[in-house]
Amino acid sequence: MTKIISGSELASSLEEKLPGCITASNEVDVWVSPESLLDVCETLKDPEGLDFSYLTSISAVDYIDNFELVYHVLSMRNNYSGVIKCRCSSEGNLRGEPTVSSVTGIWKGADLQEREIWDLMGIKFEGHPNLKRILLWEGFDGHPLRKDYLG
Amino acid sequence: MNYLSGFVDFYTFYDLSLSLFQYFGFGDNAQWMSYLTAGVIISFIVINIMILSTAFYTWFERRVLGRFQVRRGPNRNGPFGILQPFADVLKLIMKEDTIPSEADRPVFTLAPIALVAPTLLIMAVIPMGETSFLGSLNIGILFIVGVTSVNSIAIFMAGWGSRNKYAILGSMRGAAMLISYEIPMALGITSVLLMSGSLAMTNIVSSQNVWFILVMPLGFFVFMAAATAEISRTPFDQIEAESELGSGYNTEFSGIKFAILFLAEFMAPIVTAAVVATLFLGGTKGFDPIPGQIWFALKMFVVIFVLLWFRATWPRLRIDQIMGFAWKGLFGLGIFNIFIIAIEIMIFKTEDGTLSTSHMLIMSGINWIITIVTLLTLMRIYGHKKLERPIPVPSPLANMGVEAD
Amino acid sequence: MTGIRTEPITINLGPQHPSTHGVFRLRVTFDGEEIIDAEPVFGYLHRGTEKLAESRNYVQIVTLTDRMDYLASMSNNLAYVRTVEKLADIEVPERAQYIRVISAELQRIASHLMATGFLLNDLGALATPLVYCFRERERILDLFEMLCGARITLSYMRPGGVLQDAPEDFWPSLDSLIGDLPHYFDELESLITSNEIVLARTKNVGLLTDEQAIDSSMSGPNLRASGVKWDLRKADPYEIYDRVKFDVPIGAIGDTYDRYLVRILEMRESVKIIEQCLEQIESGPIRADTPFFIRPAAGEAYAAVEGPKGELGFYMVSDGGVAPYRCKVRAPSFINLTPLRDMLKGWKMGDLIIIFGSIDVVLGEVDR
């Protein structure tokens, strides 16, 4: 069975290596700050450390006052999985386009998923090689999956 | 054995119309007028026979392919769908005949005609009796090889005239493939000529006391492979591969032009079957009392069915593999075959330069053994061994069974 | 080299095409016959499933999930209802689990048959292997019709179980099909697996190493063909997969031939699974007692199944209402397209369609 690494365990291992990156954590989940996201992901992928070699999926959820990015990662060598969350919002203008760094350099599988999140949710990924709309056509106005997008 | 008699050809009509015009007192003009009349009548007969046979061949192919593929073929138009080709042609005639605005008009319009004319011409010189439709040509085989080369220019014309990226791509590959395969075809024919000693088709037929497929199986293999590629049928039909980049060289053709291209594509196997039957299967030879023409039709039918079988079963080769097969495989095999046949003829030749039936039988025995050994060795070296699959080893990067602590 | 100046040519393998599997566009740059760059463009089939799911209740979303990977409805349904059950803590009765696994494995066989048939169609074998594959797929679709009345968009599963029990004549038909399938796979393999032409065109074509595959988040038969032995049914067993014995076939080097062969071997394993399920199944309830409007407690859940195309997962966030707050689909075909560009570079035009066909993409899932 794939063991699910709990939030508190992840929080403690991450806090050891990168102090100050965790914004919140409880039994199940752990939230990291958007600025430290890139370092956190590198630590996660480190083969000597946690060895999360496989990025299962990146999701984005729109809680009205902020956006939340959820990274499901998996370690195939050791058969355990974990969840990292990251809350982001754009400065001042709550409905603008929050910017987060892209993890494409760490896991290539993030490529198309981050484009989809940009397309449908409007979260910008800095450092992505090709951040264009993917499911909707170029020139489409707005980001449909947001809660305030109507028609 | 009168397997070569009773045939109507150019000269019967010529004599008929000559006597007719002389009777009506045309005098000196009678000769060229009767040539003209006989020519028109023979062309009419040949074209009609060929087009009707092609029409029925398309129906036959679609039914048989359906049978191979566990489904029915066409069965709506007429009993057993036999009027399907006529329905197809009617539909194509009624379509609008589009020409792209940038197309090269003369080349575009002439391409279908250039494709169908050689095929009809070849059929006209195949002996189906004492002579062929155009009389007994004493350079029959040379004529056929020369006329087949027009195919490649016609395919190139079709693609070039369309001014379409995909069409040009397709036709360039097609032209390259067709001219590459003319050499193995000529090599296969040369071995037949060594045995028969003459270029005339009737002499080739009459010298086959033992069918040449038995005497030189390697030559038959080389010729059959080269002929399948010349008429671009599976497994060599890369140029009209519908599943890649549109429809190849006939993308821009519609209406009657497309109908003619389609006709040429389906007439080619019939003509190839006729040539193979003449060169390798003994032509009109058979047992009495069934007339030679019926034997010829039967042999053609077998070859057509085999070509259809190839089409139904095999996938197609990639263009570089096709070229490699021609230049490396068939070319070498063709030369090897000529070498062997030449040696054997020198050994077995009698005083006056002919070969008797028993000699031919001995040759066929030796040649079959040589062919099987050669082909098996080549398959071993280049085939399965190179394409063997290594035993899969699970990657160390994943461990499913680990029960994490 | 002086004299001739050549220029790469960009060709558009347009959305309407006889051989791409659905509306998919590739802008390919060729240098002669060799591919320098290939840019996939899709989104022609985007219907906004995730947004629609936010305004439908949990049972209505089952019909939405059918239409994502329309060739493997049962797997989509299974992934979705498992997520809802995880979210709402619903316990599924045993008989329902067995029927679910039987349907999922039958669906896997149907989907792989279709993938194999179309790969061979792209290779140019006219339509003969395709029709042979479809002949058996027809029997599977007839079985599905017995189960739920539809052939392709099935909507058979519900949170808590399945829609209805299998009718009486389902079990004998299933028995006869399972008996016929191994001979049928032998016939198909004898036609294809050792065919020289298929070998020459697919061997060593479109290589994907295991590191590349894991890094690009590939899943399913494509991942296994690269040598990575990872199957969710064994790594993280769900339903009753821990009670049946089966093997996970892997490939040797990750070329197109391996991807084809892994699918054929997986179909044989599915037959074994169904046989064991038929022995173990017992009578009982087929649906847990859930209220009409399922209102899970506020929270979130992620559950995945091993679909025929790869790991199909749902991430759902609930706020306690009748409809989910967020329903995200982890679509395997979408993510399997990540390494497409790298897989295509350096190959010839004739290999393009074959490599793309061997990844086995369904556009409904890519675009959602």
# chains A, B, ... in the order shown; residues from 1 in each chain; ligands from 1
$ interface_residues --of "chain B" --to "chain C" --cutoff "7 Å" --atoms "only C-alpha atoms" --output "list of chain:residue names"
B:Gln69, B:Ser243, B:Leu245, B:Ala312, B:Thr313, B:Trp314, B:Pro315, B:Arg316, B:Leu317, B:Arg318, B:Leu387, B:Pro390, B:Ile391, B:Pro392, B:Val393, B:Pro394, B:Ser395, B:Leu397, B:Ala398, B:Met400, B:Gly401
$ write_last_selection --atoms "C-alpha atoms" --output "PDB file, in the first residue's frame"
ATOM      1  CA  GLN B  69     -11.856  -8.366 -42.686  1.00  0.00           C
ATOM      2  CA  SER B 243      -2.938   7.888 -43.050  1.00  0.00           C
ATOM      3  CA  LEU B 245      -0.307  13.837 -44.650  1.00  0.00           C
ATOM      4  CA  ALA B 312      -5.119  -7.253 -46.953  1.00  0.00           C
ATOM      5  CA  THR B 313      -2.505  -8.643 -44.619  1.00  0.00           C
ATOM      6  CA  TRP B 314       0.598  -6.522 -44.389  1.00  0.00           C
ATOM      7  CA  PRO B 315       1.293  -3.029 -43.107  1.00  0.00           C
ATOM      8  CA  ARG B 316       3.404  -0.721 -45.175  1.00  0.00           C
ATOM      9  CA  LEU B 317       7.119  -0.092 -45.063  1.00  0.00           C
ATOM     10  CA  ARG B 318       8.715   3.275 -44.454  1.00  0.00           C
ATOM     11  CA  LEU B 387      15.007  -7.387 -34.290  1.00  0.00           C
ATOM     12  CA  PRO B 390      15.817  -8.044 -25.045  1.00  0.00           C
ATOM     13  CA  ILE B 391      14.439  -9.442 -21.816  1.00  0.00           C
ATOM     14  CA  PRO B 392      12.794  -6.676 -19.817  1.00  0.00           C
ATOM     15  CA  VAL B 393      14.411  -5.770 -16.522  1.00  0.00           C
ATOM     16  CA  PRO B 394      12.409  -3.718 -14.031  1.00  0.00           C
ATOM     17  CA  SER B 395      13.870  -0.297 -13.543  1.00  0.00           C
ATOM     18  CA  LEU B 397      13.584   3.693  -9.997  1.00  0.00           C
ATOM     19  CA  ALA B 398      10.295   2.185  -8.877  1.00  0.00           C
ATOM     20  CA  MET B 400       5.858  -1.295  -5.950  1.00  0.00           C
ATOM     21  CA  GLY B 401       6.059  -3.934  -3.342  1.00  0.00           C
TER      22      GLY B 401
END
$ residues_around --residues "Ala297 (chain B)" --least-positions-apart "4" --cutoff "10 Å" --atoms "only C-alpha atoms" --output "list in words"
Met128, Ala273, Ala274, Ala277, Gly283, Thr284, Gly292, Gln293, Phe301 and Val302 of chain B
$ select_by_dssp --residues "region 108-194 of chain C" --states "strand (DSSP E or B)" --output "list in words"
Met157, Arg158, Gly161 and Val162 of chain C
$ residues_around --residues "Ile264 (chain C)" --least-positions-apart "3" --cutoff "8 Å" --atoms "only C-alpha atoms" --output "list in words"
His112, Phe185, Tyr260, Leu261, Met267 and Arg268 of chain C
$ residues_around --residues "Tyr80 (chain C)" --least-positions-apart "4" --cutoff "9 Å" --atoms "only C-alpha atoms" --output "MDAnalysis selection string"
chainID C and resid 61:62 65 75:76 84:85 158:159 303:304 313:314 329
$ write_last_selection --atoms "N, CA and C atoms" --output "compact mmCIF listing (two decimals), in the first residue's frame"
# COMPACT_ATOMS: atom_id res chain seq x y z
N ILE C 61 -22.76 14.11 -11.68
CA ILE C 61 -21.43 14.26 -12.28
C ILE C 61 -20.97 12.96 -12.92
N VAL C 62 -21.57 11.83 -12.51
CA VAL C 62 -21.15 10.55 -13.11
C VAL C 62 -21.31 10.60 -14.62
N THR C 65 -18.46 12.43 -16.19
CA THR C 65 -17.17 11.74 -16.25
C THR C 65 -17.14 10.70 -17.36
N SER C 75 -13.74 3.10 -16.31
CA SER C 75 -12.62 3.53 -15.47
C SER C 75 -12.85 4.93 -14.96
N ASN C 76 -13.36 5.81 -15.83
CA ASN C 76 -13.63 7.17 -15.37
C ASN C 76 -14.63 7.15 -14.23
N VAL C 84 -15.53 10.13 -4.39
CA VAL C 84 -16.68 10.57 -3.60
C VAL C 84 -16.83 9.71 -2.36
N GLU C 85 -16.60 8.42 -2.52
CA GLU C 85 -16.73 7.56 -1.34
C GLU C 85 -15.67 7.88 -0.29
N ARG C 158 -22.22 4.23 -9.21
CA ARG C 158 -22.77 5.28 -8.38
C ARG C 158 -21.95 5.34 -7.12
N PRO C 159 -21.92 6.50 -6.44
CA PRO C 159 -21.20 6.50 -5.16
C PRO C 159 -21.88 5.55 -4.20
N ALA C 303 -8.30 10.41 -5.07
CA ALA C 303 -8.24 8.97 -5.28
C ALA C 303 -7.96 8.71 -6.75
N ALA C 304 -7.19 7.69 -7.00
CA ALA C 304 -6.81 7.39 -8.38
C ALA C 304 -7.01 5.92 -8.66
N GLY C 313 -7.06 10.16 -11.86
CA GLY C 313 -7.37 10.54 -10.49
C GLY C 313 -8.32 11.71 -10.43
N PHE C 314 -9.02 11.83 -9.34
CA PHE C 314 -9.90 12.96 -9.09
C PHE C 314 -9.49 13.60 -7.78
N VAL C 329 -9.69 16.90 -12.38
CA VAL C 329 -9.43 15.60 -12.98
C VAL C 329 -7.95 15.50 -13.31
